[in-house]
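Quick notes on the structure that follows.
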Amino acid sequence: MRSVLKIQRSHKKCWTCNKELGTLLHALWDCPLIMPFWKAVLKKFEDWLSQPLPESTQFCLLGDKSLLPEGIPKVNDRLMMTGFLIAARITLRKWKSPQTGN
Ligand SMILES: [Zn+2]
């Protein structure tokens with residue numbers, strides 16, 4: 001019985017860092033091994049748009065356009081949001097592997 005409990009407990013940890021509770025938010029954003037991937041994604045979009053972008057779950061994962069800097073054309077906004085969606089899917093696909101989404 002005790003070994004069963006240990007197995008169940010170990011499955012609740014993040015499969016990537018094996019330190020924190022493996023919640024969806026942790027897998028998508030909070031994991032310290034995932035953050036460099038998101039920073040790289042944001043840097044690509046900032047370079048493309050020549051504007052700083054907010055580093056937040058509200059913007060990158062939920063697509064809150066109220067946080068968008070002014071003056072970004074709608075077509076660029078849609079491409080960026082699609083890029084964030086693809087980045088999130090890549091993150092979750094690679095989450096169970098010991099490597100990050102890099
Ligand atoms: Zn983690």
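Identifiers in this document derive from the order of the structure tokens: chains are assigned A, B, ..., residues are numbered from 1 separately in each chain, and ligands are numbered from 1 in order of occurrence.
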Distance filter 7 Å around ligand 1, atoms: only C-alpha atoms and all ligand atoms, out as a PyMOL selection string: chain A and resi 14-20+22+26-27+31-33
Which residues are near Ala40 (chain A)? Cut-off 12 Å, only C-alpha atoms, ignore same chain within fewer than 5 positions. Put them as a VMD selection string. chain A and resid 34 to 35 45 to 47 55 84 87 101 to 102
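Every protein or nucleic acid residue with an atom no more than 12 Å from Ser50 (chain A), counting only C-alpha atoms and leaving out same-chain residues fewer than 5 positions away, appears here: Leu42, Lys43, Lys44, Phe45, Pro69, Gly71, Ile72 and Asn76 of chain A.
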One decimal place gives the CA of Trp95 (chain A)-CA of Leu49 (chain A) separation as 28.8 Å
Selection: 12 Å around Phe59 (chain A), only C-alpha atoms, excl. self and same-chain fewer than 3 positions, as a ChimeraX atom specification: /A:29,38,42,53-56,62-69,77,80-81,84-85
CA of Ile86 (chain A) to CA of Lys74 (chain A): how many Å, to one decimal? 18.4 Å
List the neighbours of Leu28 (chain A) out to 7 Å using only C-alpha atoms; skip same-chain residues closer than 5 positions along the sequence, and give me the result as a PDB file with N, CA and C atoms, in the first residue's frame.
ATOM      1  N   ALA A  88       2.447  26.926 -27.287  1.00  0.00           N
ATOM      2  CA  ALA A  88       1.802  26.230 -26.166  1.00  0.00           C
ATOM      3  C   ALA A  88       1.614  24.747 -26.501  1.00  0.00           C
ATOM      4  N   THR A  91       4.921  22.983 -26.287  1.00  0.00           N
ATOM      5  CA  THR A  91       5.284  22.819 -24.875  1.00  0.00           C
ATOM      6  C   THR A  91       4.599  21.600 -24.273  1.00  0.00           C
ATOM      7  N   LEU A  92       3.301  21.460 -24.513  1.00  0.00           N
ATOM      8  CA  LEU A  92       2.571  20.328 -23.938  1.00  0.00           C
ATOM      9  C   LEU A  92       2.972  19.011 -24.586  1.00  0.00           C
TER      10      LEU A  92
END
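Between CA of Lys12 (chain A) and CA of Leu25 (chain A) the separation is 13.3 Å.
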If DSSP is run on the backbone, what residues of chain A are helix (DSSP H, G or I)? A reply as a count of residues only would be ideal. 60
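Distances here use only C-alpha atoms; by that measure, the residue among A:Pro73, A:Ile90, A:Leu21, A:Gly83 closest to Cys60 (chain A) is A:Gly83.
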